[in-house]
>>> print(open('final11.pdb').read())   # PDB, C-alpha atoms, pLDDT in the B column
MODEL        1
ATOM      1  CA  MET A  29     116.553 108.468 156.277  1.00 52.00           C
ATOM      2  CA  ALA A  30     113.079 108.544 157.794  1.00 56.00           C
ATOM      3  CA  VAL A  31     111.920 105.709 160.018  1.00 55.00           C
ATOM      4  CA  THR A  32     108.456 104.230 159.881  1.00 58.00           C
ATOM      5  CA  ARG A  33     106.715 102.081 162.414  1.00 61.00           C
ATOM      6  CA  ARG A  34     105.037  98.935 161.344  1.00 64.00           C
ATOM      7  CA  ARG A  35     102.519  96.886 163.195  1.00 72.00           C
ATOM      8  CA  PRO A  36     104.298  94.162 165.214  1.00 72.00           C
ATOM      9  CA  GLY A  37     103.684  90.592 164.147  1.00 80.00           C
ATOM     10  CA  GLY A  38     103.118  87.635 166.442  1.00 86.00           C
ATOM     11  CA  PHE A  39     106.802  86.709 166.620  1.00 89.00           C
ATOM     12  CA  THR A  40     107.750  90.253 167.601  1.00 87.00           C
ATOM     13  CA  VAL A  41     105.148  90.261 170.379  1.00 90.00           C
ATOM     14  CA  VAL A  42     106.486  86.938 171.692  1.00 92.00           C
ATOM     15  CA  LEU A  43     110.031  88.354 171.637  1.00 91.00           C
ATOM     16  CA  ALA A  44     108.902  91.402 173.601  1.00 91.00           C
ATOM     17  CA  VAL A  45     107.109  89.254 176.200  1.00 93.00           C
ATOM     18  CA  VAL A  46     110.141  86.976 176.624  1.00 94.00           C
ATOM     19  CA  GLY A  47     112.435  89.997 177.000  1.00 94.00           C
ATOM     20  CA  LEU A  48     110.143  91.573 179.597  1.00 94.00           C
ATOM     21  CA  LEU A  49     109.881  88.287 181.520  1.00 96.00           C
ATOM     22  CA  LEU A  50     113.669  87.912 181.645  1.00 94.00           C
ATOM     23  CA  LEU A  51     114.026  91.486 182.893  1.00 94.00           C
ATOM     24  CA  SER A  52     111.243  91.096 185.467  1.00 94.00           C
ATOM     25  CA  VAL A  53     113.005  88.053 186.920  1.00 92.00           C
ATOM     26  CA  SER A  54     116.540  89.420 186.904  1.00 92.00           C
ATOM     27  CA  VAL A  55     116.350  93.144 187.686  1.00 92.00           C
ATOM     28  CA  PRO A  56     114.753  92.819 191.162  1.00 90.00           C
ATOM     29  CA  GLU A  57     117.491  90.350 192.142  1.00 86.00           C
ATOM     30  CA  PHE A  58     120.377  92.700 191.348  1.00 85.00           C
ATOM     31  CA  GLY A  59     120.575  94.305 194.791  1.00 87.00           C
ATOM     32  CA  PRO A  60     120.575  91.035 196.731  1.00 85.00           C
ATOM     33  CA  VAL A  61     123.067  89.274 194.451  1.00 87.00           C
ATOM     34  CA  VAL A  62     125.481  92.221 194.556  1.00 90.00           C
ATOM     35  CA  ARG A  63     125.269  92.174 198.352  1.00 90.00           C
ATOM     36  CA  ALA A  64     125.818  88.404 198.262  1.00 90.00           C
ATOM     37  CA  ALA A  65     128.850  88.768 195.980  1.00 91.00           C
ATOM     38  CA  ARG A  66     130.437  91.131 198.506  1.00 91.00           C
ATOM     39  CA  ALA A  67     129.130  89.188 201.538  1.00 89.00           C
ATOM     40  CA  ASP A  68     127.536  92.462 202.610  1.00 92.00           C
ATOM     41  CA  GLY A  69     124.954  91.840 205.310  1.00 93.00           C
ATOM     42  CA  VAL A  70     124.432  90.653 208.860  1.00 95.00           C
ATOM     43  CA  SER A  71     127.135  88.243 210.024  1.00 96.00           C
ATOM     44  CA  GLY A  72     126.211  85.227 212.071  1.00 97.00           C
ATOM     45  CA  ALA A  73     126.133  81.445 212.097  1.00 98.00           C
ATOM     46  CA  PHE A  74     124.254  78.904 210.004  1.00 98.00           C
ATOM     47  CA  THR A  75     123.400  75.594 211.662  1.00 98.00           C
ATOM     48  CA  ALA A  76     122.762  72.737 209.232  1.00 97.00           C
ATOM     49  CA  ARG A  77     119.581  70.744 209.855  1.00 97.00           C
ATOM     50  CA  GLU A  78     118.591  68.979 206.626  1.00 97.00           C
ATOM     51  CA  LEU A  79     120.328  68.035 203.379  1.00 96.00           C
ATOM     52  CA  ARG A  80     118.024  68.681 200.418  1.00 96.00           C
ATOM     53  CA  CYS A  81     118.942  66.922 197.192  1.00 94.00           C
ATOM     54  CA  VAL A  82     117.545  66.847 193.668  1.00 94.00           C
ATOM     55  CA  ARG A  83     118.623  64.071 191.346  1.00 91.00           C
ATOM     56  CA  HIS A  84     118.932  64.492 187.621  1.00 87.00           C
ATOM     57  CA  PRO A  85     120.115  61.837 185.163  1.00 90.00           C
ATOM     58  CA  GLY A  86     123.801  61.444 185.965  1.00 89.00           C
ATOM     59  CA  HIS A  87     123.871  64.313 188.465  1.00 89.00           C
ATOM     60  CA  GLU A  88     122.808  65.149 191.991  1.00 90.00           C
ATOM     61  CA  SER A  89     122.463  68.682 193.365  1.00 92.00           C
ATOM     62  CA  CYS A  90     122.326  69.148 197.153  1.00 94.00           C
ATOM     63  CA  VAL A  91     122.101  72.099 199.538  1.00 96.00           C
ATOM     64  CA  TRP A  92     121.968  72.305 203.320  1.00 97.00           C
ATOM     65  CA  ALA A  93     118.912  73.893 204.938  1.00 98.00           C
ATOM     66  CA  GLY A  94     118.870  75.033 208.513  1.00 98.00           C
ATOM     67  CA  ASP A  95     118.769  78.008 210.844  1.00 98.00           C
ATOM     68  CA  PHE A  96     120.611  81.307 210.806  1.00 98.00           C
ATOM     69  CA  THR A  97     121.338  83.343 213.923  1.00 97.00           C
ATOM     70  CA  SER A  98     123.021  86.750 213.770  1.00 96.00           C
ATOM     71  CA  GLY A  99     126.178  87.343 215.795  1.00 95.00           C
ATOM     72  CA  ASP A 100     124.322  89.485 218.328  1.00 95.00           C
ATOM     73  CA  GLY A 101     121.417  86.992 218.549  1.00 94.00           C
ATOM     74  CA  ARG A 102     118.770  89.503 217.426  1.00 95.00           C
ATOM     75  CA  ILE A 103     118.019  87.904 214.063  1.00 94.00           C
ATOM     76  CA  ARG A 104     116.916  84.278 213.897  1.00 96.00           C
ATOM     77  CA  ARG A 105     115.787  82.758 210.636  1.00 96.00           C
ATOM     78  CA  ARG A 106     114.534  79.209 210.261  1.00 96.00           C
ATOM     79  CA  ASP A 107     114.559  76.983 207.201  1.00 96.00           C
ATOM     80  CA  VAL A 108     117.006  78.941 205.055  1.00 97.00           C
ATOM     81  CA  GLU A 109     119.505  77.382 202.663  1.00 97.00           C
ATOM     82  CA  LEU A 110     123.242  77.987 202.722  1.00 97.00           C
ATOM     83  CA  TYR A 111     124.186  78.952 199.170  1.00 94.00           C
ATOM     84  CA  GLY A 112     127.052  76.891 197.789  1.00 90.00           C
ATOM     85  CA  SER A 113     126.780  74.102 200.352  1.00 93.00           C
ATOM     86  CA  ASP A 114     126.577  70.491 199.267  1.00 91.00           C
ATOM     87  CA  ARG A 115     126.683  66.969 200.650  1.00 90.00           C
ATOM     88  CA  GLY A 116     130.332  67.163 201.699  1.00 91.00           C
ATOM     89  CA  THR A 117     130.505  70.651 203.215  1.00 92.00           C
ATOM     90  CA  LEU A 118     128.557  70.148 206.459  1.00 95.00           C
ATOM     91  CA  ALA A 119     126.863  67.572 208.670  1.00 95.00           C
ATOM     92  CA  ALA A 120     123.539  67.816 210.486  1.00 96.00           C
ATOM     93  CA  GLY A 121     123.938  69.977 213.592  1.00 97.00           C
ATOM     94  CA  GLN A 122     127.207  71.527 212.419  1.00 97.00           C
ATOM     95  CA  ALA A 123     127.476  75.335 212.470  1.00 97.00           C
ATOM     96  CA  THR A 124     129.456  77.567 210.129  1.00 97.00           C
ATOM     97  CA  ALA A 125     129.921  81.296 209.563  1.00 97.00           C
ATOM     98  CA  ALA A 126     127.294  82.877 207.310  1.00 97.00           C
ATOM     99  CA  VAL A 127     125.987  86.250 206.135  1.00 96.00           C
ATOM    100  CA  ASP A 128     122.334  87.237 205.807  1.00 94.00           C
ATOM    101  CA  THR A 129     122.006  89.561 202.805  1.00 91.00           C
ATOM    102  CA  GLY A 130     118.234  89.873 202.999  1.00 86.00           C
ATOM    103  CA  ARG A 131     117.222  87.084 200.621  1.00 87.00           C
ATOM    104  CA  LEU A 132     114.086  85.314 201.810  1.00 86.00           C
ATOM    105  CA  THR A 133     115.274  81.737 201.427  1.00 92.00           C
ATOM    106  CA  ARG A 134     119.059  81.928 201.407  1.00 93.00           C
ATOM    107  CA  VAL A 135     122.143  82.931 203.390  1.00 95.00           C
ATOM    108  CA  TYR A 136     125.727  82.981 202.126  1.00 95.00           C
ATOM    109  CA  GLY A 137     129.171  82.024 203.300  1.00 94.00           C
ATOM    110  CA  PRO A 138     131.548  84.811 204.371  1.00 93.00           C
ATOM    111  CA  GLU A 139     133.416  84.513 201.054  1.00 91.00           C
ATOM    112  CA  GLY A 140     130.364  85.746 199.124  1.00 88.00           C
ATOM    113  CA  SER A 141     128.974  84.220 195.944  1.00 90.00           C
ATOM    114  CA  ASP A 142     129.232  84.364 192.176  1.00 89.00           C
ATOM    115  CA  GLU A 143     125.458  84.254 191.738  1.00 87.00           C
ATOM    116  CA  TRP A 144     125.553  87.765 190.228  1.00 90.00           C
ATOM    117  CA  LEU A 145     127.020  86.341 186.999  1.00 93.00           C
ATOM    118  CA  PHE A 146     123.852  84.418 186.160  1.00 93.00           C
ATOM    119  CA  THR A 147     121.660  87.391 187.081  1.00 92.00           C
ATOM    120  CA  ALA A 148     123.752  89.702 184.893  1.00 93.00           C
ATOM    121  CA  LEU A 149     123.501  87.262 181.960  1.00 95.00           C
ATOM    122  CA  LEU A 150     119.706  87.062 182.357  1.00 94.00           C
ATOM    123  CA  THR A 151     119.481  90.854 182.392  1.00 95.00           C
ATOM    124  CA  LEU A 152     121.631  91.176 179.266  1.00 95.00           C
ATOM    125  CA  ALA A 153     119.620  88.490 177.495  1.00 96.00           C
ATOM    126  CA  GLY A 154     116.348  90.215 178.374  1.00 95.00           C
ATOM    127  CA  ALA A 155     117.630  93.581 177.155  1.00 95.00           C
ATOM    128  CA  ALA A 156     118.952  92.028 173.929  1.00 95.00           C
ATOM    129  CA  VAL A 157     115.680  90.236 173.159  1.00 95.00           C
ATOM    130  CA  LEU A 158     113.688  93.391 173.890  1.00 93.00           C
ATOM    131  CA  THR A 159     116.008  95.405 171.611  1.00 92.00           C
ATOM    132  CA  VAL A 160     115.498  92.927 168.776  1.00 91.00           C
ATOM    133  CA  ALA A 161     111.733  93.146 169.243  1.00 90.00           C
ATOM    134  CA  ALA A 162     111.860  96.965 169.183  1.00 88.00           C
ATOM    135  CA  ARG A 163     113.972  97.006 166.036  1.00 87.00           C
ATOM    136  CA  ARG A 164     111.547  94.681 164.302  1.00 83.00           C
ATOM    137  CA  THR A 165     108.818  97.311 164.671  1.00 81.00           C
ATOM    138  CA  ARG A 166     110.924 100.041 163.026  1.00 75.00           C
ATOM    139  CA  ARG A 167     112.393 100.114 159.558  1.00 65.00           C
ATOM    140  CA  PRO A 168     113.951 102.808 157.409  1.00 61.00           C
ATOM    141  CA  TYR A 169     111.598 104.558 154.995  1.00 58.00           C
ATOM    142  CA  ARG A 170     112.465 103.800 151.428  1.00 65.00           C
ATOM    143  CA  PRO A 171     110.296 105.408 148.809  1.00 69.00           C
ATOM    144  CA  ALA A 172     108.799 102.998 146.339  1.00 71.00           C
ATOM    145  CA  PRO A 173     110.771 102.849 143.131  1.00 80.00           C
ATOM    146  CA  GLU A 174     109.254 104.707 140.259  1.00 81.00           C
ATOM    147  CA  PRO A 175     107.715 102.391 137.736  1.00 81.00           C
ATOM    148  CA  VAL A 176     109.817 101.828 134.695  1.00 80.00           C
ATOM    149  CA  PRO A 177     107.738 102.375 131.573  1.00 81.00           C
ATOM    150  CA  GLU A 178     107.544  99.384 129.355  1.00 83.00           C
ATOM    151  CA  PRO A 179     108.957  99.922 125.919  1.00 81.00           C
ATOM    152  CA  VAL A 180     106.289 100.418 123.310  1.00 79.00           C
ATOM    153  CA  PRO A 181     106.923  98.251 120.309  1.00 80.00           C
ATOM    154  CA  GLU A 182     107.176 100.144 117.081  1.00 82.00           C
ATOM    155  CA  PRO A 183     104.491  99.389 114.565  1.00 79.00           C
ATOM    156  CA  ARG A 184     105.550  97.128 111.755  1.00 78.00           C
ATOM    157  CA  THR A 185     105.119  98.400 108.311  1.00 67.00           C
TER
ENDMDL
END
>>> encode(input="final11.pdb", output="structure tokens")
Amino acid sequence: MAVTRRRPGGFTVVLAVVGLLLLSVSVPEFGPVVRAARADGVSGAFTARELRCVRHPGHESCVWAGDFTSGDGRIRRRDVELYGSDRGTLAAGQATAAVDTGRLTRVYGPEGSDEWLFTALLTLAGAAVLTVAARRTRRPYRPAPEPVPEPVPEPRT
């Protein structure tokens, strides 16, 4: 069956843009989140300095920000957040083992992280939305049905 292309409508264009946005956010993060999942990076220590909290109705989300220093002392990063930390995990001035995976604003505990799950879901969602948009621009060619002749009434005599 032949396939024809049709001009995409407004909804299809919006779907394509949403799919591309989801992919542009998730794909570049794949390398860092895979490294974070495996705790693959420079080992060192994170020293807690400030608890940063955001309050939502019925919920509070907190993370410790502070400084990271590599085990050999060569790498020092200021004002990074320790992924997975919260109000009860540390106190100001307390140090804990951490791994720098190369993320600009974040270091991870030595056990790694499960952040890759969210990134993988975003990537799948972006690919799915883009696929739907692409399929909406293609449809199988179906020849128009031949017109059925109308019956001619017989003359009355």
>>> resolve_selection(input="final11.pdb", expression="the PyMOL selection byres ((chain A and resi 59-73) around 6)", output="PyMOL selection string")
chain A and resi 57-58+74+96-99+124-129+138+140-142+144
>>> residues_around(input="final11.pdb", residues="A:Val160", least_positions_apart="6", cutoff="9 Å", atoms="all atoms listed in the file", output="ChimeraX atom specification")
/A:40,43-44
>>> resolve_selection(input="final11.pdb", expression="the PyMOL selection byres ((chain A and resi 53) around 12)", output="number ranges by chain")
A: 46-52, 54-58, 146-154
>>> atom_distance(input="final11.pdb", atom1="atom CA of A:Arg83", atom2="atom CA of A:Gly121")
23.6 Å
>>> closest_residue(input="final11.pdb", among="A:Leu79, A:Val108, A:Ile103, A:Val41", to="A:Leu158", atoms="only C-alpha atoms")
A:Val41
>>> atom_distance(input="final11.pdb", atom1="atom CA of A:Tyr136", atom2="atom CA of A:Arg104")
14.8 Å
>>> resolve_selection(input="final11.pdb", expression="the PyMOL selection byres ((chain A and resi 92) around 9)", output="list in words")
Ala76, Arg77, Glu78, Leu79, Arg80, Cys81, Cys90, Val91, Ala93, Gly94, Val108, Glu109, Leu110, Tyr111, Gly112, Ser113, Asp114, Arg115, Thr117, Leu118, Ala119 and Ala120 of chain A
>>> atom_distance(input="final11.pdb", atom1="atom CA of A:His84", atom2="atom CA of A:Leu132")
25.7 Å
>>> closest_residue(input="final11.pdb", among="A:Ala161, A:Ala172, A:Val180, A:Ala123", to="A:Val42", atoms="only C-alpha atoms")
A:Ala161
>>> build_atoms(input="final11.pdb", residues="stretch 54-80 of chain A", atoms="N, CA and C atoms", output="short mmCIF file (atom, residue, chain, number, x, y, z; two decimals), keeping the file's coordinate frame")
data_model
loop_
_atom_site.label_atom_id
_atom_site.label_comp_id
_atom_site.auth_asym_id
_atom_site.auth_seq_id
_atom_site.Cartn_x
_atom_site.Cartn_y
_atom_site.Cartn_z
N SER A 54 115.15 89.12 186.56
CA SER A 54 116.54 89.42 186.90
C SER A 54 116.75 90.77 187.59
N VAL A 55 116.09 91.80 187.15
CA VAL A 55 116.35 93.14 187.69
C VAL A 55 116.08 93.24 189.19
N PRO A 56 114.97 92.71 189.72
CA PRO A 56 114.75 92.82 191.16
C PRO A 56 115.80 92.08 192.00
N GLU A 57 116.49 91.13 191.41
CA GLU A 57 117.49 90.35 192.14
C GLU A 57 118.87 91.01 192.17
N PHE A 58 119.05 92.09 191.43
CA PHE A 58 120.38 92.70 191.35
C PHE A 58 120.91 93.15 192.70
N GLY A 59 120.12 93.84 193.48
CA GLY A 59 120.58 94.30 194.79
C GLY A 59 121.02 93.16 195.69
N PRO A 60 120.17 92.14 195.89
CA PRO A 60 120.58 91.04 196.73
C PRO A 60 121.80 90.26 196.22
N VAL A 61 121.91 90.05 194.92
CA VAL A 61 123.07 89.27 194.45
C VAL A 61 124.36 90.07 194.52
N VAL A 62 124.27 91.40 194.38
CA VAL A 62 125.48 92.22 194.56
C VAL A 62 125.91 92.19 196.02
N ARG A 63 124.94 92.29 196.93
CA ARG A 63 125.27 92.17 198.35
C ARG A 63 125.86 90.81 198.66
N ALA A 64 125.31 89.76 198.04
CA ALA A 64 125.82 88.40 198.26
C ALA A 64 127.23 88.25 197.71
N ALA A 65 127.50 88.86 196.57
CA ALA A 65 128.85 88.77 195.98
C ALA A 65 129.89 89.39 196.91
N ARG A 66 129.51 90.45 197.60
CA ARG A 66 130.44 91.13 198.51
C ARG A 66 130.31 90.64 199.94
N ALA A 67 129.42 89.67 200.18
CA ALA A 67 129.13 89.19 201.54
C ALA A 67 128.78 90.37 202.44
N ASP A 68 127.94 91.25 201.91
CA ASP A 68 127.54 92.46 202.61
C ASP A 68 126.18 92.23 203.28
N GLY A 69 126.20 92.08 204.59
CA GLY A 69 124.95 91.84 205.31
C GLY A 69 125.24 91.61 206.77
N VAL A 70 124.32 90.94 207.43
CA VAL A 70 124.43 90.65 208.86
C VAL A 70 125.21 89.36 209.04
N SER A 71 126.32 89.44 209.77
CA SER A 71 127.14 88.24 210.02
C SER A 71 126.53 87.42 211.15
N GLY A 72 126.72 86.12 211.04
CA GLY A 72 126.21 85.23 212.07
C GLY A 72 126.64 83.80 211.80
N ALA A 73 125.82 82.87 212.25
CA ALA A 73 126.13 81.44 212.10
C ALA A 73 124.95 80.72 211.48
N PHE A 74 125.25 79.78 210.61
CA PHE A 74 124.25 78.90 210.00
C PHE A 74 124.45 77.53 210.62
N THR A 75 123.35 76.95 211.10
CA THR A 75 123.40 75.59 211.66
C THR A 75 122.64 74.66 210.73
N ALA A 76 123.34 73.68 210.19
CA ALA A 76 122.76 72.74 209.23
C ALA A 76 121.77 71.82 209.93
N ARG A 77 120.61 71.63 209.31
CA ARG A 77 119.58 70.74 209.86
C ARG A 77 119.23 69.62 208.88
N GLU A 78 119.10 69.95 207.60
CA GLU A 78 118.59 68.98 206.63
C GLU A 78 119.31 69.14 205.29
N LEU A 79 119.73 68.03 204.71
CA LEU A 79 120.33 68.04 203.38
C LEU A 79 119.21 67.82 202.36
N ARG A 80 119.05 68.77 201.45
CA ARG A 80 118.02 68.68 200.42
C ARG A 80 118.70 68.41 199.09
#
